[in-house]
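Reviewing the structure listed below.
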Amino acid sequence: LAGESLRSLAAKRDFLIGTAVKPQPLQDEPTYREVVAREFNIIIPENHTKFSRLHPERDRYDFTQADAIVQFAKEHDIKVIGHALAWFHALPRWVVEGNFSREELMEILHDHIQTVVDHYRGQIYAWDVVNEPVEANGSLRETIWYKTIGPEYIDLALRWTREADPDTLLYINDYAEGLNSKSQSFYNLAKELRQRGAPLDAVGFQTHVGFLSSDNSEEVAENMKRYAELGLEVMITEMDVPIDQFSGTPEEQLEAQAKMYQDFLKVCLDASNCNTLVMWGFTDRHTWLTGFTGSKDPLIFDKSYQPKPAYHAMWEELKGT
Ligand code: G3I
């Protein structure tokens, strides 16, 4: 690979290229560790900064596994993104079944954000403050936060995060990348937050291509532009591309997958307000899609940690040849 990695090529153009990581293979598989350290300059704990993992009981926090990930990042000079402070999934039973009043739930969310963000103060590049806040029909998603606290839970969560760590980038995150009713809702939300003066710096495009997200990179480029006009950065936060959405021979499928990764990377590199692309894992050995949908092989290294055509396509794109 001519001595260059995705990471070294990205660094030359001030670009952040990343992956979600899991603590188990990080501990158990030397190759997993080596590839992360060599290829990426930013990581997101795939599950271990979620509410249920960090805050399993009302009066108990558990930072053990998230700390291990942050420590690994520190040793390798890798930036860390925290995901996700207010979401409707990955909530512990005590929150879901607690039957809390508005005041109580506000106190719970405030305490959670304050404690977690303060614990990692100065060590987190960006916080995913509110994950998946919108519905396709233009309204806010009716999560427990929304139903109990009201729509202002988003403004509050952003404000509390900024108070706990003034130097980290704050974003809301969703699968709303293309041009459709859902991405319109997400855009409207971001615009209103900016107009109200909420501390919002960026939006995340999850980019689970062909599954939750658009596969139309031209629409994604268009969409990025309107966020630039609002003064907002866009980060690609969870990209993966299941192979079985493409027809043809296995080789043709791998080529189509490679082209998709390359096209999305190019959209981000070309945009004035995008400098981060994080994938939802990097090896087909460890992907959330196994067991969820039956979709296959969505990442850029195969199960034996060999680079796939998608890896080479991204490499070429970053090199700029
Ligand atoms: O670790 C436990 C294991 O100990 C237990 O035996 C097993 C039995 O169910 O569960 C394991 O935890 C699972 C975990 O993934 C680890 O693989 C959870 O049940 C499962 O809910 C969890 O799913 C995660 C999901 O978010 C829900 O939090 C996926 O890994 C993760 O990839 C997925 O990521 C989401 C983003 O956060 C938001 N955007 C969409 C994306 C894909 O759904």
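How things are named: the first chain in the structure tokens is A, the next is B, and so on; residues count from 1 in each chain; ligands count from 1 in the order shown.
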Please find the residues contacting ligand 1 at a distance of at most 7 Å between atoms, with only C-alpha atoms and all ligand atoms counted, and report them as an mmCIF file with C-alpha atoms, in the first residue's frame.
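This went into pocket.cif:
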```
data_model
loop_
_atom_site.group_PDB
_atom_site.id
_atom_site.type_symbol
_atom_site.label_atom_id
_atom_site.label_comp_id
_atom_site.auth_asym_id
_atom_site.auth_seq_id
_atom_site.Cartn_x
_atom_site.Cartn_y
_atom_site.Cartn_z
ATOM 1 C CA GLU A 46 -20.392 1.942 18.591
ATOM 2 C CA ASN A 47 -22.381 1.264 21.757
ATOM 3 C CA HIS A 89 -32.921 3.426 21.873
ATOM 4 C CA ALA A 90 -30.347 2.001 24.255
ATOM 5 C CA GLN A 206 -25.625 8.517 9.365
ATOM 6 C CA GLU A 238 -22.110 5.879 10.363
ATOM 7 C CA TRP A 288 -24.147 -4.627 13.333
#
```
**Study point:** Neighbour list for stretch 199-205 of chain A as an MDAnalysis selection string, cut-off 7 Å, only C-alpha atoms, skip fewer than 2 positions in-chain
**Key:** chainID A and resid 158:159 162 169:177 194 197 207 232:237
Selection to disk with N, CA and C atoms, as a compact mmCIF listing (two decimals), in the first residue's frame:
```
# COMPACT_ATOMS: atom_id res chain seq x y z
N LEU A 158 -28.75 20.36 24.15
CA LEU A 158 -27.62 21.06 23.53
C LEU A 158 -27.00 22.04 24.54
N ARG A 159 -27.84 22.78 25.23
CA ARG A 159 -27.33 23.77 26.18
C ARG A 159 -26.56 23.11 27.32
N ARG A 162 -23.16 21.94 26.10
CA ARG A 162 -22.21 23.05 25.95
C ARG A 162 -21.70 23.52 27.31
N LEU A 169 -17.52 19.97 19.71
CA LEU A 169 -18.47 20.24 18.62
C LEU A 169 -19.79 19.53 18.93
N LEU A 170 -20.90 20.25 18.81
CA LEU A 170 -22.20 19.64 19.13
C LEU A 170 -23.01 19.40 17.87
N TYR A 171 -23.54 18.18 17.76
CA TYR A 171 -24.35 17.89 16.58
C TYR A 171 -25.56 17.04 16.89
N ILE A 172 -26.53 17.13 15.99
CA ILE A 172 -27.67 16.21 15.99
C ILE A 172 -27.47 15.27 14.81
N ASN A 173 -27.99 14.06 14.93
CA ASN A 173 -27.60 12.99 14.01
C ASN A 173 -28.84 12.24 13.54
N ASP A 174 -28.90 11.94 12.24
CA ASP A 174 -30.06 11.16 11.78
C ASP A 174 -29.75 10.53 10.42
N TYR A 175 -30.65 9.65 9.97
CA TYR A 175 -30.52 9.16 8.59
C TYR A 175 -31.45 10.01 7.74
N ALA A 176 -30.92 11.14 7.32
CA ALA A 176 -31.68 12.15 6.57
C ALA A 176 -30.74 12.83 5.59
N GLU A 177 -30.17 12.05 4.68
CA GLU A 177 -29.05 12.50 3.85
C GLU A 177 -29.45 13.00 2.48
N ARG A 194 -30.87 26.87 15.07
CA ARG A 194 -29.95 27.99 14.83
C ARG A 194 -30.64 29.32 15.06
N GLY A 197 -30.90 30.25 18.50
CA GLY A 197 -29.62 30.45 19.17
C GLY A 197 -29.15 29.25 19.97
N THR A 207 -25.84 7.77 7.03
CA THR A 207 -25.33 7.16 5.79
C THR A 207 -25.22 5.64 5.83
N LEU A 232 -23.63 25.55 9.22
CA LEU A 232 -23.46 24.28 9.92
C LEU A 232 -22.52 23.34 9.17
N GLU A 233 -21.67 22.66 9.93
CA GLU A 233 -20.86 21.58 9.39
C GLU A 233 -21.72 20.34 9.18
N VAL A 234 -21.30 19.48 8.28
CA VAL A 234 -21.93 18.17 8.13
C VAL A 234 -20.85 17.11 8.35
N MET A 235 -21.18 16.09 9.13
CA MET A 235 -20.26 14.97 9.29
C MET A 235 -20.98 13.70 8.83
N ILE A 236 -20.27 12.88 8.10
CA ILE A 236 -20.80 11.54 7.79
C ILE A 236 -20.41 10.66 8.96
N THR A 237 -21.39 10.09 9.64
CA THR A 237 -21.11 9.51 10.97
C THR A 237 -21.19 8.00 11.07
```
Practice item. Give the strand (DSSP E) residues of stretch 75-283 of chain A, as assigned by DSSP on the backbone, as an NGL selection string. Key: :A and (79-86 or 126-131 or 169-174 or 202-205 or 233-239 or 274-279)
Take the residues from that selection and write them out as a compact mmCIF listing (two decimals), in the first residue's frame, keeping N, CA and C atoms.
```txt
# COMPACT_ATOMS: atom_id res chain seq x y z
N LYS A 79 -8.87 11.00 17.55
CA LYS A 79 -9.97 11.76 18.14
C LYS A 79 -11.15 10.83 18.45
N VAL A 80 -11.98 11.25 19.41
CA VAL A 80 -13.14 10.44 19.80
C VAL A 80 -14.42 11.25 19.67
N ILE A 81 -15.43 10.61 19.11
CA ILE A 81 -16.79 11.20 19.09
C ILE A 81 -17.64 10.44 20.11
N GLY A 82 -18.43 11.17 20.89
CA GLY A 82 -19.34 10.55 21.84
C GLY A 82 -20.73 10.40 21.22
N HIS A 83 -21.34 9.23 21.40
CA HIS A 83 -22.63 8.90 20.75
C HIS A 83 -23.42 8.01 21.69
N ALA A 84 -24.59 8.33 22.17
CA ALA A 84 -25.42 9.49 21.88
C ALA A 84 -26.09 9.87 23.19
N LEU A 85 -26.16 11.17 23.48
CA LEU A 85 -26.64 11.58 24.81
C LEU A 85 -28.15 11.40 24.95
N ALA A 86 -28.92 11.91 24.02
CA ALA A 86 -30.38 11.74 24.09
C ALA A 86 -30.86 10.98 22.87
N ALA A 126 -16.32 15.62 19.39
CA ALA A 126 -17.70 16.04 19.10
C ALA A 126 -18.67 15.15 19.86
N TRP A 127 -19.77 15.72 20.29
CA TRP A 127 -20.84 14.94 20.92
C TRP A 127 -22.06 14.88 20.03
N ASP A 128 -22.53 13.67 19.80
CA ASP A 128 -23.83 13.45 19.20
C ASP A 128 -24.85 13.67 20.32
N VAL A 129 -25.45 14.84 20.33
CA VAL A 129 -26.28 15.22 21.48
C VAL A 129 -27.68 14.62 21.38
N VAL A 130 -28.29 14.76 20.22
CA VAL A 130 -29.62 14.16 20.04
C VAL A 130 -29.58 13.29 18.78
N ASN A 131 -29.85 12.03 18.97
CA ASN A 131 -29.79 11.09 17.85
C ASN A 131 -31.19 10.76 17.35
N LEU A 169 -17.52 19.97 19.71
CA LEU A 169 -18.47 20.24 18.62
C LEU A 169 -19.79 19.53 18.93
N LEU A 170 -20.90 20.25 18.81
CA LEU A 170 -22.20 19.64 19.13
C LEU A 170 -23.01 19.40 17.87
N TYR A 171 -23.54 18.18 17.76
CA TYR A 171 -24.35 17.89 16.58
C TYR A 171 -25.56 17.04 16.89
N ILE A 172 -26.53 17.13 15.99
CA ILE A 172 -27.67 16.21 15.99
C ILE A 172 -27.47 15.27 14.81
N ASN A 173 -27.99 14.06 14.93
CA ASN A 173 -27.60 12.99 14.01
C ASN A 173 -28.84 12.24 13.54
N ASP A 174 -28.90 11.94 12.24
CA ASP A 174 -30.06 11.16 11.78
C ASP A 174 -29.75 10.53 10.42
N ALA A 202 -23.12 21.37 14.14
CA ALA A 202 -23.04 20.46 12.99
C ALA A 202 -24.26 19.54 12.96
N VAL A 203 -24.43 18.89 11.83
CA VAL A 203 -25.39 17.79 11.75
C VAL A 203 -24.65 16.55 11.29
N GLY A 204 -25.12 15.39 11.75
CA GLY A 204 -24.55 14.12 11.31
C GLY A 204 -25.47 13.45 10.31
N PHE A 205 -24.87 13.00 9.21
CA PHE A 205 -25.60 12.15 8.25
C PHE A 205 -25.15 10.71 8.51
N GLU A 233 -21.67 22.66 9.93
CA GLU A 233 -20.86 21.58 9.39
C GLU A 233 -21.72 20.34 9.18
N VAL A 234 -21.30 19.48 8.28
CA VAL A 234 -21.93 18.17 8.13
C VAL A 234 -20.85 17.11 8.35
N MET A 235 -21.18 16.09 9.13
CA MET A 235 -20.26 14.97 9.29
C MET A 235 -20.98 13.70 8.83
N ILE A 236 -20.27 12.88 8.10
CA ILE A 236 -20.80 11.54 7.79
C ILE A 236 -20.41 10.66 8.96
N THR A 237 -21.39 10.09 9.64
CA THR A 237 -21.11 9.51 10.97
C THR A 237 -21.19 8.00 11.07
N GLU A 238 -21.90 7.33 10.17
CA GLU A 238 -22.11 5.88 10.36
C GLU A 238 -22.15 5.13 9.04
N MET A 239 -21.27 5.51 8.11
CA MET A 239 -21.44 4.96 6.76
C MET A 239 -21.20 3.45 6.71
N CYS A 274 -17.75 19.93 5.05
CA CYS A 274 -17.67 18.52 5.48
C CYS A 274 -16.20 18.11 5.54
N ASN A 275 -15.73 17.69 6.71
CA ASN A 275 -14.34 17.21 6.78
C ASN A 275 -14.19 15.93 7.58
N THR A 276 -15.31 15.22 7.76
CA THR A 276 -15.28 14.00 8.57
C THR A 276 -16.12 12.91 7.92
N LEU A 277 -15.54 11.74 7.76
CA LEU A 277 -16.32 10.58 7.31
C LEU A 277 -15.98 9.40 8.22
N VAL A 278 -16.98 8.97 8.98
CA VAL A 278 -16.81 7.83 9.89
C VAL A 278 -17.67 6.68 9.39
N MET A 279 -17.09 5.49 9.36
CA MET A 279 -17.83 4.30 8.95
C MET A 279 -18.30 3.53 10.18
```
Exercise for review: Determine which residues of stretch 87-241 of chain A DSSP labels as alpha helix (DSSP H) from the backbone of this structure, then write them out as a VMD selection string.
Suggested key: chain A and resid 93 to 96 102 to 119 144 to 149 153 to 164 181 to 195 217 to 229
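Distance check against A:Leu179 using only C-alpha atoms: of A:Glu152, A:Glu218, A:Asp270, A:Glu103, the minimum falls on A:Glu218.
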Find the residues around A:Pro92 up to 12 Å (only C-alpha atoms counted), leave out those fewer than 6 positions away in its own chain, and share them as a JSON list (two decimals) with N, CA and C atoms, in the first residue's frame.
```
[["chain", "number", "residue", "atom", "x", "y", "z"],
["A", 50, "LYS", "N", -23.45, 5.03, 24.91],
["A", 50, "LYS", "CA", -24.91, 5.16, 24.94],
["A", 50, "LYS", "C", -25.40, 5.16, 26.38],
["A", 51, "PHE", "N", -26.60, 5.68, 26.57],
["A", 51, "PHE", "CA", -27.16, 5.88, 27.91],
["A", 51, "PHE", "C", -27.15, 4.58, 28.73],
["A", 52, "SER", "N", -27.66, 3.51, 28.15],
["A", 52, "SER", "CA", -27.83, 2.27, 28.92],
["A", 52, "SER", "C", -26.49, 1.69, 29.38],
["A", 53, "ARG", "N", -25.43, 1.93, 28.58],
["A", 53, "ARG", "CA", -24.12, 1.38, 28.96],
["A", 53, "ARG", "C", -23.47, 2.22, 30.05],
["A", 54, "LEU", "N", -23.62, 3.54, 29.95],
["A", 54, "LEU", "CA", -22.92, 4.42, 30.89],
["A", 54, "LEU", "C", -23.68, 4.61, 32.19],
["A", 55, "HIS", "N", -24.99, 4.38, 32.14],
["A", 55, "HIS", "CA", -25.82, 4.81, 33.27],
["A", 55, "HIS", "C", -26.88, 3.74, 33.57],
["A", 56, "PRO", "N", -26.40, 2.54, 33.96],
["A", 56, "PRO", "CA", -27.30, 1.38, 34.06],
["A", 56, "PRO", "C", -28.33, 1.48, 35.19],
["A", 57, "GLU", "N", -28.02, 2.26, 36.21],
["A", 57, "GLU", "CA", -28.99, 2.47, 37.29],
["A", 57, "GLU", "C", -29.01, 3.96, 37.60],
["A", 58, "ARG", "N", -30.08, 4.39, 38.22],
["A", 58, "ARG", "CA", -30.23, 5.84, 38.41],
["A", 58, "ARG", "C", -29.04, 6.44, 39.15],
["A", 60, "ARG", "N", -26.01, 5.00, 39.49],
["A", 60, "ARG", "CA", -24.74, 4.36, 39.18],
["A", 60, "ARG", "C", -24.34, 4.58, 37.71],
["A", 61, "TYR", "N", -23.13, 5.09, 37.54],
["A", 61, "TYR", "CA", -22.54, 5.21, 36.21],
["A", 61, "TYR", "C", -21.44, 4.18, 36.08],
["A", 98, "GLY", "N", -39.79, 4.01, 34.38],
["A", 98, "GLY", "CA", -39.84, 4.77, 35.63],
["A", 98, "GLY", "C", -41.07, 5.64, 35.83]]
```
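Among the candidate residues A:Ala73, A:Ala37, A:Leu91, A:Met260, the one lying nearest to A:Ala313 is A:Met260, with distances computed using only C-alpha atoms.
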For stretch 295-302 of chain A: contacts at 9 Å, only C-alpha atoms, fewer than 2 positions along chain excluded, given as a PDB file with C-alpha atoms, in the first residue's frame:
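Saved file selection_8.pdb follows:
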```
ATOM      1  CA  PHE A 211     -30.856   0.489   4.104  1.00  0.00           C
ATOM      2  CA  MET A 239     -21.440   4.956   6.764  1.00  0.00           C
ATOM      3  CA  ASP A 240     -21.873   1.373   5.630  1.00  0.00           C
ATOM      4  CA  VAL A 241     -22.906  -0.133   2.318  1.00  0.00           C
ATOM      5  CA  PRO A 242     -24.379  -3.672   2.358  1.00  0.00           C
ATOM      6  CA  ILE A 243     -23.254  -5.542  -0.697  1.00  0.00           C
ATOM      7  CA  ASP A 244     -26.525  -7.301  -1.473  1.00  0.00           C
ATOM      8  CA  GLN A 245     -28.217  -4.100  -2.662  1.00  0.00           C
ATOM      9  CA  GLN A 257     -19.796  -0.934  -3.222  1.00  0.00           C
ATOM     10  CA  ALA A 258     -16.369   0.619  -3.789  1.00  0.00           C
ATOM     11  CA  TYR A 261     -17.821   4.676  -0.778  1.00  0.00           C
ATOM     12  CA  MET A 279     -17.834   4.297   8.952  1.00  0.00           C
ATOM     13  CA  TRP A 280     -19.946   2.053  11.170  1.00  0.00           C
ATOM     14  CA  GLY A 281     -17.094  -0.391  11.602  1.00  0.00           C
ATOM     15  CA  PHE A 282     -14.317  -1.307   9.182  1.00  0.00           C
ATOM     16  CA  THR A 283     -14.198  -5.103   8.983  1.00  0.00           C
ATOM     17  CA  ASP A 284     -17.005  -7.378   7.819  1.00  0.00           C
ATOM     18  CA  ARG A 285     -16.039  -9.540  10.789  1.00  0.00           C
ATOM     19  CA  THR A 287     -20.781  -5.317  11.747  1.00  0.00           C
ATOM     20  CA  LEU A 289     -25.862  -5.796  10.158  1.00  0.00           C
ATOM     21  CA  THR A 290     -25.055  -9.424  10.865  1.00  0.00           C
ATOM     22  CA  GLY A 291     -28.082 -10.623  12.729  1.00  0.00           C
ATOM     23  CA  PHE A 292     -30.096  -7.446  12.264  1.00  0.00           C
ATOM     24  CA  THR A 293     -31.206  -7.545   8.648  1.00  0.00           C
ATOM     25  CA  SER A 304      -9.769 -11.541   7.548  1.00  0.00           C
ATOM     26  CA  TYR A 305      -8.824  -7.865   7.665  1.00  0.00           C
ATOM     27  CA  GLN A 306      -7.852  -7.772   3.990  1.00  0.00           C
ATOM     28  CA  PRO A 307      -8.635  -4.472   2.252  1.00  0.00           C
ATOM     29  CA  LYS A 308     -11.523  -4.710  -0.227  1.00  0.00           C
ATOM     30  CA  PRO A 309     -11.966  -2.698  -3.443  1.00  0.00           C
ATOM     31  CA  ALA A 310     -13.829  -0.109  -1.328  1.00  0.00           C
ATOM     32  CA  TYR A 311     -10.680   0.452   0.719  1.00  0.00           C
ATOM     33  CA  HIS A 312      -8.586   1.012  -2.405  1.00  0.00           C
TER      34      HIS A 312
END
```
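Going from atom CA of A:Tyr120 over to atom CA of A:Glu192, you cover 28.6 Å.
Closest approach to A:Glu97 among A:Met314, A:Ile144, A:Ala164, A:Ala68: A:Ile144, based on only C-alpha atoms.
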